[in-house]
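Structure first, commentary second.
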Amino acid sequence: MRFAKWVFLLAGVYGLIVMPPMYLAEFAYAQAGQAALTHPESHYGFVGVTLVFQLIFLAISRDPARYRPLMPLCCLEKLAFAAAVWPLYLMGRTPGVVTVFATIDLALCALFFTAWLRTRPA
């Protein structure tokens with residue numbers, strides 16, 4: 001449980017400090033006409049969903065046993081983010097810095113999955 005607490009605390013703090021500025025940078029990139037993002041409302045909706053997940057990560061870090069059913073959902077969220085970003089980067093429609101953070105999210109996904117396995121009931 002201690003491992004899971006640290007993993008989700010790290011993910012929550014990382015997300016709250018790093019992700020919103022990164023999304024704002026991507027939004028500015030799109031407004032300059034260099035990305036496929038054309039609807040700001042959908043962009044901010046995506047940011048909002050991501051911030052909700054950061055709060056979920058922090059909740060799990062307080063009590064991994066109670067929130068264990070949410071762990072696979074968190075893993076899928078990180079996979080979905082990376083799966084969405086990498087093709088856009090390869091098509092030249094999102095900045096490279098966003099892809100760096102998508103790669104970090106893949107590493108976090110692996111940690112989430114490990115935490116989920118390690119918190120199985122005996």
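To be explicit about the labels: the chains of the structure tokens are called A, B, and onward in the order shown, and within each one the residues are counted from 1, while ligands get numbers from 1 in the order they are shown.
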
Contacts of Arg2 (chain A) at 10 Å (only C-alpha atoms; same-chain gap of 5+ positions) as a ChimeraX atom specification: /A:7,61-64,115,118-119

Written file, previous selection with C-alpha atoms, as an mmCIF file, in the first residue's frame:
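Result went into out37.cif, see below:
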```cif
data_model
loop_
_atom_site.group_PDB
_atom_site.id
_atom_site.type_symbol
_atom_site.label_atom_id
_atom_site.label_comp_id
_atom_site.auth_asym_id
_atom_site.auth_seq_id
_atom_site.Cartn_x
_atom_site.Cartn_y
_atom_site.Cartn_z
ATOM 1 C CA VAL A 7 2.884 6.403 -6.971
ATOM 2 C CA SER A 61 -2.773 8.246 -2.492
ATOM 3 C CA ARG A 62 -4.704 8.812 0.755
ATOM 4 C CA ASP A 63 -6.363 5.385 0.773
ATOM 5 C CA PRO A 64 -5.251 2.985 -2.014
ATOM 6 C CA ALA A 115 0.708 -0.507 -7.852
ATOM 7 C CA ARG A 118 0.851 -4.973 -5.523
ATOM 8 C CA THR A 119 -2.342 -3.940 -3.726
#
```

List the spatial neighbours of Phe53 (chain A) as a list in words - criterion: any atom at most 12 Å away, only C-alpha atoms, same-chain residues fewer than 5 positions off excluded. Phe8, Leu9, Ala11, Gly12, Val13, Tyr14, Gly15, Leu16, Met19, Phe46, Val47, Gly48, Leu58, Ala59, Ile60, Leu70, Met71, Leu73, Cys74, Cys75, Leu76, Glu77, Lys78 and Phe81 of chain A

Please, what distance in Å, to one decimal, runs between CA of Ala82 (chain A) and CA of Thr94 (chain A)?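 That distance, rounded to one decimal, is 12.1 Å.
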
Which is closest to Arg66 (chain A) among A:Pro20, A:Leu51, A:Leu79, A:Arg120, if we use only C-alpha atoms?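 Nearest candidate to Arg66 (chain A) out of A:Pro20, A:Leu51, A:Leu79, A:Arg120: A:Arg120.
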
Would you please give, as a VMD selection string, all residues of region 4-121 of chain A that DSSP assigns to alpha helix (DSSP H) based on the backbone? chain A and resid 4 to 31 40 to 62 71 to 90 96 to 118

Mind pulling up the distance from CA of Ala65 (chain A) to CA of Leu106 (chain A)? 23.0 Å

Would you pick out the contacts of region 84-90 of chain A at 9 Å or less, using only C-alpha atoms, so that residues sharing its chain but fewer than 4 positions from it are not included, and give the list as an NGL selection string? :A and (35-36 or 79-80 or 94-96 or 98-99 or 102-103)

Pick from A:Val49, A:Ala83, A:Pro72, A:Ala25: nearest to Leu111 (chain A), with only C-alpha atoms counted?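 Answer, going by the shortest atom-to-atom distance: A:Pro72.
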